[in-house]
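Chemist: Have a look at this one before I ask anything.
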Amino acid sequence: MSLDVPAALLDRAEQGEVGDEEFVACVRDSLPYAWKVISAVVADFRGGTAEFADNTTPPPSETDRGQLLRALASDAIRGGLERHFGVKLAFQNCHRVAAFAPSAVDGETYRDFVSPRGQLLNQSPELRDC
């Protein structure tokens with residue numbers, strides 16, 4: 001299971017739409033490693049002058065890797081995180097998450113990062129099992 005959904009939140013979801021604030025809180029509480037990594041990348045991005053910030057440190061465990069994969073593989077979770085943080089997230093391998101300004105999606109740096117070439121250039125033997 002990807003998220004630990006409190007019964008009250010599940011009840012609200014069964015009745016209708018759930019707001020981003022409640023959903024993102026559920027993500028934060030359910031996927032703490034993913035939250036920590038994404039929060040740090042966003043803080044680095046906001047605190048710097050580069051076109052993006054990224055995490056290049058592999059997760060310390062398979063459980064942590066799974067959290068990051070679940071967060072970024074789900075359209076709903078990724079979208080909720082992007083709206084919450086006001087960024088566009090990009091993902092390579094099983095740990096390299098990057099934060100871009102939403103306006104960067106049309107830019108060369110973002111397109112290079114998410115391109116097949118960018119993916120291939122970010123490979124190494126150490127990452128093949130991730």
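For the structure tokens, the naming scheme is as follows: chains receive sequential letters (A, B, ...) according to their order of presentation, residues are indexed from 1 within each chain, and ligands are indexed from 1 in presentation order.
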For Leu120 in chain A, please output as a list in words all residues within 10 Å (counting only C-alpha atoms; exclusion window: fewer than 4 positions along the same chain).
Modeler: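 What passes the distance filter is Gln92, Asn93, Ser115, Pro116 and Ser124 of chain A.
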Chemist: The selected residues should be written to file as a tab-separated table (two decimals), in the first residue's frame (atoms: N, CA, C and O atoms).
Modeler:
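Written output follows (out_36.tsv):
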```
chain	number	residue	atom	x	y	z
A	92	GLN	N	14.73	10.71	-12.41
A	92	GLN	CA	15.55	9.77	-13.17
A	92	GLN	C	15.98	8.65	-12.24
A	92	GLN	O	16.18	8.86	-11.05
A	93	ASN	N	16.21	7.49	-12.83
A	93	ASN	CA	16.62	6.31	-12.07
A	93	ASN	C	15.63	6.06	-10.96
A	93	ASN	O	14.44	6.17	-11.16
A	115	SER	N	14.86	14.03	-21.06
A	115	SER	CA	14.99	13.40	-22.37
A	115	SER	C	15.58	11.99	-22.26
A	115	SER	O	16.23	11.65	-21.26
A	116	PRO	N	15.37	11.17	-23.29
A	116	PRO	CA	16.03	9.86	-23.30
A	116	PRO	C	17.55	9.98	-23.17
A	116	PRO	O	18.18	9.20	-22.46
A	124	SER	N	24.73	4.26	-14.62
A	124	SER	CA	26.02	3.71	-14.22
A	124	SER	C	25.76	2.28	-13.76
A	124	SER	O	24.62	1.93	-13.41
```
Chemist: Pick out the residues sitting within 7 Å of Val87 in chain A, and hand them over as a ChimeraX atom specification; count only C-alpha atoms, and ignore anything fewer than 6 positions along from it in its own chain.
Modeler: /A:99-102
Chemist: For the residues in that selection, give me N, CA and C atoms as an mmCIF file, in the first residue's frame.
Modeler:
```
data_model
loop_
_atom_site.group_PDB
_atom_site.id
_atom_site.type_symbol
_atom_site.label_atom_id
_atom_site.label_comp_id
_atom_site.auth_asym_id
_atom_site.auth_seq_id
_atom_site.Cartn_x
_atom_site.Cartn_y
_atom_site.Cartn_z
ATOM 1 N N ALA A 99 13.896 19.501 -8.806
ATOM 2 C CA ALA A 99 12.851 20.526 -8.742
ATOM 3 C C ALA A 99 13.201 21.634 -9.722
ATOM 4 N N PHE A 100 12.227 21.985 -10.537
ATOM 5 C CA PHE A 100 12.347 23.062 -11.516
ATOM 6 C C PHE A 100 11.219 24.055 -11.267
ATOM 7 N N ALA A 101 11.399 25.276 -11.724
ATOM 8 C CA ALA A 101 10.284 26.224 -11.755
ATOM 9 C C ALA A 101 9.272 25.703 -12.769
ATOM 10 N N PRO A 102 7.971 25.838 -12.502
ATOM 11 C CA PRO A 102 6.978 25.381 -13.489
ATOM 12 C C PRO A 102 7.202 25.977 -14.872
#
```
Chemist: Would you mind telling me which residue in A:Gly80, A:Gly107, A:Pro32, A:Gly48 lies nearest to Gly19 in chain A when using only C-alpha atoms?
Modeler: A:Gly80
Chemist: So which one's closest to Asp20 in chain A, A:Ile38, A:Cys94, A:Val105, A:Ala76? Using only C-alpha atoms, please.
Modeler: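 Of A:Ile38, A:Cys94, A:Val105, A:Ala76, the one nearest Asp20 in chain A, counting only C-alpha atoms, is A:Ala76.
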Chemist: Run DSSP on the backbone of this structure and report the residues of range 3-110 of chain A it assigns to strand (DSSP E), as a ChimeraX atom specification.
Modeler: /A:52-54,88-92,96-100
Chemist: Could you write those residues out with N, CA and C atoms, as a PDB file, in the first residue's frame?
Modeler:
```
ATOM      1  N   PHE A  52      17.758  24.428 -11.642  1.00  0.00           N
ATOM      2  CA  PHE A  52      17.102  23.351 -10.907  1.00  0.00           C
ATOM      3  C   PHE A  52      18.006  22.899  -9.772  1.00  0.00           C
ATOM      4  N   ALA A  53      17.440  22.132  -8.869  1.00  0.00           N
ATOM      5  CA  ALA A  53      18.201  21.478  -7.804  1.00  0.00           C
ATOM      6  C   ALA A  53      17.811  20.013  -7.842  1.00  0.00           C
ATOM      7  N   ASP A  54      18.753  19.139  -7.477  1.00  0.00           N
ATOM      8  CA  ASP A  54      18.442  17.717  -7.520  1.00  0.00           C
ATOM      9  C   ASP A  54      19.127  16.961  -6.405  1.00  0.00           C
ATOM     10  N   LYS A  88       7.933  22.032 -10.480  1.00  0.00           N
ATOM     11  CA  LYS A  88       7.766  20.890 -11.368  1.00  0.00           C
ATOM     12  C   LYS A  88       8.833  19.882 -10.984  1.00  0.00           C
ATOM     13  N   LEU A  89       8.420  18.673 -10.644  1.00  0.00           N
ATOM     14  CA  LEU A  89       9.369  17.632 -10.272  1.00  0.00           C
ATOM     15  C   LEU A  89       9.721  16.785 -11.491  1.00  0.00           C
ATOM     16  N   ALA A  90      10.968  16.379 -11.560  1.00  0.00           N
ATOM     17  CA  ALA A  90      11.444  15.476 -12.597  1.00  0.00           C
ATOM     18  C   ALA A  90      12.187  14.346 -11.896  1.00  0.00           C
ATOM     19  N   PHE A  91      12.235  13.179 -12.540  1.00  0.00           N
ATOM     20  CA  PHE A  91      12.751  11.995 -11.866  1.00  0.00           C
ATOM     21  C   PHE A  91      13.542  11.134 -12.835  1.00  0.00           C
ATOM     22  N   GLN A  92      14.729  10.707 -12.408  1.00  0.00           N
ATOM     23  CA  GLN A  92      15.549   9.767 -13.165  1.00  0.00           C
ATOM     24  C   GLN A  92      15.985   8.647 -12.242  1.00  0.00           C
ATOM     25  N   ARG A  96      17.082  10.060  -8.350  1.00  0.00           N
ATOM     26  CA  ARG A  96      17.454  11.417  -8.755  1.00  0.00           C
ATOM     27  C   ARG A  96      16.197  12.230  -9.045  1.00  0.00           C
ATOM     28  N   VAL A  97      15.745  12.915  -8.026  1.00  0.00           N
ATOM     29  CA  VAL A  97      14.585  13.784  -8.167  1.00  0.00           C
ATOM     30  C   VAL A  97      15.084  15.222  -8.250  1.00  0.00           C
ATOM     31  N   ALA A  98      14.478  15.989  -9.133  1.00  0.00           N
ATOM     32  CA  ALA A  98      14.885  17.379  -9.335  1.00  0.00           C
ATOM     33  C   ALA A  98      13.669  18.286  -9.246  1.00  0.00           C
ATOM     34  N   ALA A  99      13.896  19.501  -8.806  1.00  0.00           N
ATOM     35  CA  ALA A  99      12.851  20.526  -8.742  1.00  0.00           C
ATOM     36  C   ALA A  99      13.201  21.634  -9.722  1.00  0.00           C
ATOM     37  N   PHE A 100      12.227  21.985 -10.537  1.00  0.00           N
ATOM     38  CA  PHE A 100      12.347  23.062 -11.516  1.00  0.00           C
ATOM     39  C   PHE A 100      11.219  24.055 -11.267  1.00  0.00           C
TER      40      PHE A 100
END
```
Chemist: Per DSSP on the backbone, filter range 6-124 of chain A down to the residues in helix (DSSP H, G or I) and report them as a short mmCIF file (atom, residue, chain, number, x, y, z; two decimals) with N, CA and C atoms, in the first residue's frame.
Modeler:
```
data_model
loop_
_atom_site.label_atom_id
_atom_site.label_comp_id
_atom_site.auth_asym_id
_atom_site.auth_seq_id
_atom_site.Cartn_x
_atom_site.Cartn_y
_atom_site.Cartn_z
N ALA A 7 -8.74 6.79 8.75
CA ALA A 7 -10.14 6.44 8.50
C ALA A 7 -10.99 7.68 8.19
N ALA A 8 -10.76 8.77 8.91
CA ALA A 8 -11.56 9.98 8.68
C ALA A 8 -11.31 10.54 7.28
N LEU A 9 -10.09 10.47 6.80
CA LEU A 9 -9.78 10.97 5.46
C LEU A 9 -10.39 10.05 4.41
N LEU A 10 -10.33 8.77 4.65
CA LEU A 10 -10.96 7.82 3.72
C LEU A 10 -12.46 8.05 3.65
N ASP A 11 -13.09 8.30 4.79
CA ASP A 11 -14.53 8.60 4.82
C ASP A 11 -14.84 9.84 3.98
N ARG A 12 -14.02 10.89 4.13
CA ARG A 12 -14.24 12.11 3.35
C ARG A 12 -14.05 11.85 1.86
N ALA A 13 -13.07 11.03 1.51
CA ALA A 13 -12.83 10.71 0.11
C ALA A 13 -14.01 9.92 -0.47
N GLU A 14 -14.61 9.06 0.34
CA GLU A 14 -15.77 8.30 -0.13
C GLU A 14 -16.98 9.20 -0.35
N GLN A 15 -17.03 10.32 0.34
CA GLN A 15 -18.15 11.26 0.21
C GLN A 15 -17.96 12.27 -0.92
N ASP A 20 -6.17 19.37 -1.42
CA ASP A 20 -4.74 19.12 -1.49
C ASP A 20 -4.07 19.13 -0.12
N GLU A 21 -4.50 20.02 0.74
CA GLU A 21 -3.85 20.12 2.06
C GLU A 21 -3.94 18.80 2.82
N GLU A 22 -5.13 18.21 2.85
CA GLU A 22 -5.30 16.93 3.54
C GLU A 22 -4.55 15.81 2.82
N PHE A 23 -4.61 15.81 1.51
CA PHE A 23 -3.94 14.78 0.74
C PHE A 23 -2.43 14.85 0.94
N VAL A 24 -1.87 16.04 0.84
CA VAL A 24 -0.42 16.20 0.99
C VAL A 24 0.02 15.85 2.41
N ALA A 25 -0.80 16.15 3.40
CA ALA A 25 -0.47 15.75 4.78
C ALA A 25 -0.42 14.22 4.89
N CYS A 26 -1.32 13.54 4.22
CA CYS A 26 -1.33 12.08 4.21
C CYS A 26 -0.06 11.57 3.54
N VAL A 27 0.34 12.17 2.44
CA VAL A 27 1.57 11.79 1.75
C VAL A 27 2.76 12.02 2.67
N ARG A 28 2.83 13.18 3.28
CA ARG A 28 3.95 13.51 4.19
C ARG A 28 4.07 12.48 5.31
N ASP A 29 2.95 12.11 5.90
CA ASP A 29 2.97 11.17 7.02
C ASP A 29 3.22 9.73 6.57
N SER A 30 2.78 9.39 5.37
CA SER A 30 2.92 8.02 4.88
C SER A 30 4.27 7.73 4.24
N PRO A 32 7.60 9.40 4.67
CA PRO A 32 8.48 10.40 5.27
C PRO A 32 9.83 10.54 4.57
N TYR A 33 10.39 9.46 4.08
CA TYR A 33 11.68 9.60 3.38
C TYR A 33 11.50 10.40 2.10
N ALA A 34 10.49 10.07 1.32
CA ALA A 34 10.23 10.80 0.07
C ALA A 34 9.98 12.27 0.38
N TRP A 35 9.20 12.54 1.42
CA TRP A 35 8.91 13.92 1.81
C TRP A 35 10.20 14.66 2.14
N LYS A 36 11.08 14.00 2.90
CA LYS A 36 12.34 14.63 3.30
C LYS A 36 13.20 14.97 2.08
N VAL A 37 13.32 14.03 1.16
CA VAL A 37 14.15 14.25 -0.02
C VAL A 37 13.57 15.38 -0.88
N ILE A 38 12.28 15.32 -1.14
CA ILE A 38 11.65 16.33 -2.00
C ILE A 38 11.69 17.69 -1.32
N SER A 39 11.44 17.75 -0.04
CA SER A 39 11.51 19.03 0.70
C SER A 39 12.91 19.63 0.61
N ALA A 40 13.93 18.79 0.75
CA ALA A 40 15.31 19.27 0.69
C ALA A 40 15.65 19.78 -0.71
N VAL A 41 15.21 19.06 -1.73
CA VAL A 41 15.48 19.49 -3.10
C VAL A 41 14.80 20.83 -3.37
N VAL A 42 13.56 20.96 -2.92
CA VAL A 42 12.84 22.23 -3.12
C VAL A 42 13.53 23.36 -2.37
N ALA A 43 13.97 23.11 -1.14
CA ALA A 43 14.68 24.14 -0.37
C ALA A 43 15.97 24.54 -1.07
N ASP A 44 16.70 23.56 -1.60
CA ASP A 44 17.93 23.88 -2.35
C ASP A 44 17.61 24.71 -3.58
N PHE A 45 16.54 24.35 -4.27
CA PHE A 45 16.15 25.09 -5.47
C PHE A 45 15.79 26.53 -5.12
N ARG A 46 14.99 26.71 -4.10
CA ARG A 46 14.57 28.06 -3.71
C ARG A 46 15.72 28.89 -3.17
N GLY A 47 16.69 28.22 -2.56
CA GLY A 47 17.82 28.94 -1.97
C GLY A 47 18.96 29.20 -2.92
N GLU A 62 16.00 -0.15 0.80
CA GLU A 62 14.98 -0.45 -0.21
C GLU A 62 13.62 0.11 0.19
N THR A 63 13.35 0.17 1.48
CA THR A 63 12.10 0.77 1.95
C THR A 63 12.04 2.25 1.57
N ASP A 64 13.15 2.94 1.78
CA ASP A 64 13.21 4.36 1.42
C ASP A 64 13.11 4.54 -0.10
N ARG A 65 13.79 3.69 -0.84
CA ARG A 65 13.72 3.74 -2.30
C ARG A 65 12.27 3.55 -2.75
N GLY A 66 11.58 2.61 -2.14
CA GLY A 66 10.18 2.36 -2.46
C GLY A 66 9.31 3.58 -2.21
N GLN A 67 9.57 4.30 -1.14
CA GLN A 67 8.80 5.51 -0.85
C GLN A 67 8.98 6.54 -1.96
N LEU A 68 10.21 6.74 -2.38
CA LEU A 68 10.47 7.72 -3.42
C LEU A 68 9.83 7.30 -4.74
N LEU A 69 9.93 6.03 -5.05
CA LEU A 69 9.30 5.53 -6.28
C LEU A 69 7.79 5.71 -6.23
N ARG A 70 7.16 5.37 -5.11
CA ARG A 70 5.70 5.52 -4.99
C ARG A 70 5.29 6.98 -5.11
N ALA A 71 6.04 7.86 -4.48
CA ALA A 71 5.68 9.29 -4.53
C ALA A 71 5.76 9.84 -5.94
N LEU A 72 6.76 9.44 -6.69
CA LEU A 72 6.97 10.04 -8.00
C LEU A 72 6.33 9.26 -9.14
N ALA A 73 5.94 8.02 -8.88
CA ALA A 73 5.28 7.22 -9.92
C ALA A 73 3.77 7.46 -9.96
N ASP A 75 0.67 9.77 -10.38
CA ASP A 75 0.30 11.09 -10.90
C ASP A 75 -0.33 11.95 -9.81
N ALA A 76 -1.20 11.34 -8.99
CA ALA A 76 -1.89 12.11 -7.95
C ALA A 76 -0.91 12.61 -6.89
N ILE A 77 -0.01 11.74 -6.45
CA ILE A 77 0.95 12.14 -5.42
C ILE A 77 1.92 13.17 -5.97
N ARG A 78 2.49 12.89 -7.13
CA ARG A 78 3.44 13.84 -7.72
C ARG A 78 2.76 15.19 -7.95
N GLY A 79 1.56 15.17 -8.50
CA GLY A 79 0.84 16.41 -8.75
C GLY A 79 0.54 17.17 -7.47
N GLY A 80 0.14 16.46 -6.43
CA GLY A 80 -0.11 17.11 -5.14
C GLY A 80 1.14 17.75 -4.58
N LEU A 81 2.27 17.05 -4.69
CA LEU A 81 3.54 17.61 -4.21
C LEU A 81 3.96 18.82 -5.04
N GLU A 82 3.76 18.74 -6.35
CA GLU A 82 4.12 19.88 -7.20
C GLU A 82 3.28 21.10 -6.86
N ARG A 83 2.00 20.90 -6.66
CA ARG A 83 1.14 22.04 -6.30
C ARG A 83 1.51 22.58 -4.92
N HIS A 84 1.76 21.69 -3.98
CA HIS A 84 2.11 22.11 -2.62
C HIS A 84 3.39 22.95 -2.60
N PHE A 85 4.41 22.47 -3.30
CA PHE A 85 5.71 23.15 -3.28
C PHE A 85 5.85 24.21 -4.37
N PRO A 102 7.97 25.84 -12.50
CA PRO A 102 6.98 25.38 -13.49
C PRO A 102 7.20 25.98 -14.87
N SER A 103 7.68 27.19 -14.92
CA SER A 103 7.93 27.84 -16.21
C SER A 103 9.10 27.21 -16.98
N ALA A 104 9.90 26.40 -16.31
CA ALA A 104 11.07 25.78 -16.95
C ALA A 104 10.70 24.61 -17.86
N VAL A 105 9.46 24.13 -17.77
CA VAL A 105 9.05 22.96 -18.55
C VAL A 105 9.26 23.18 -20.04
N ASP A 106 9.14 24.39 -20.50
CA ASP A 106 9.36 24.68 -21.91
C ASP A 106 10.82 24.99 -22.23
N GLU A 108 15.13 24.49 -22.29
CA GLU A 108 16.11 23.50 -22.73
C GLU A 108 16.64 22.64 -21.58
N THR A 109 16.91 23.24 -20.42
CA THR A 109 17.48 22.49 -19.31
C THR A 109 16.52 21.41 -18.83
N TYR A 110 15.25 21.76 -18.68
CA TYR A 110 14.25 20.77 -18.26
C TYR A 110 14.11 19.68 -19.32
N ARG A 111 13.98 20.09 -20.57
CA ARG A 111 13.81 19.11 -21.65
C ARG A 111 15.02 18.17 -21.72
N ASP A 112 16.22 18.70 -21.50
CA ASP A 112 17.42 17.84 -21.48
C ASP A 112 17.36 16.85 -20.32
N PHE A 113 16.92 17.31 -19.15
CA PHE A 113 16.87 16.45 -17.98
C PHE A 113 15.92 15.28 -18.20
N PRO A 116 15.37 11.17 -23.29
CA PRO A 116 16.03 9.86 -23.30
C PRO A 116 17.55 9.98 -23.17
N ARG A 117 18.13 10.98 -23.83
CA ARG A 117 19.58 11.20 -23.73
C ARG A 117 19.98 11.48 -22.28
N GLY A 118 19.21 12.36 -21.62
CA GLY A 118 19.49 12.67 -20.22
C GLY A 118 19.42 11.43 -19.34
N GLN A 119 18.45 10.59 -19.59
CA GLN A 119 18.32 9.35 -18.82
C GLN A 119 19.52 8.45 -19.06
N LEU A 120 19.90 8.28 -20.32
CA LEU A 120 21.03 7.41 -20.64
C LEU A 120 22.33 7.93 -20.04
N LEU A 121 22.53 9.23 -20.08
CA LEU A 121 23.76 9.80 -19.53
C LEU A 121 23.82 9.71 -18.01
#
```
Chemist: Between CA of Pro59 in chain A and CA of Asp4 in chain A, what is the spacing in Å?
Modeler: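 Separation of CA of Asp4 in chain A and CA of Pro59 in chain A: 20.7 Å.
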Chemist: From the options A:Glu17, A:His95, A:Leu31, A:Ser2, which residue's atoms come nearest to Thr56 in chain A, counting only C-alpha atoms?
Modeler: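 Using only C-alpha atoms, Thr56 in chain A sits closest to A:His95.
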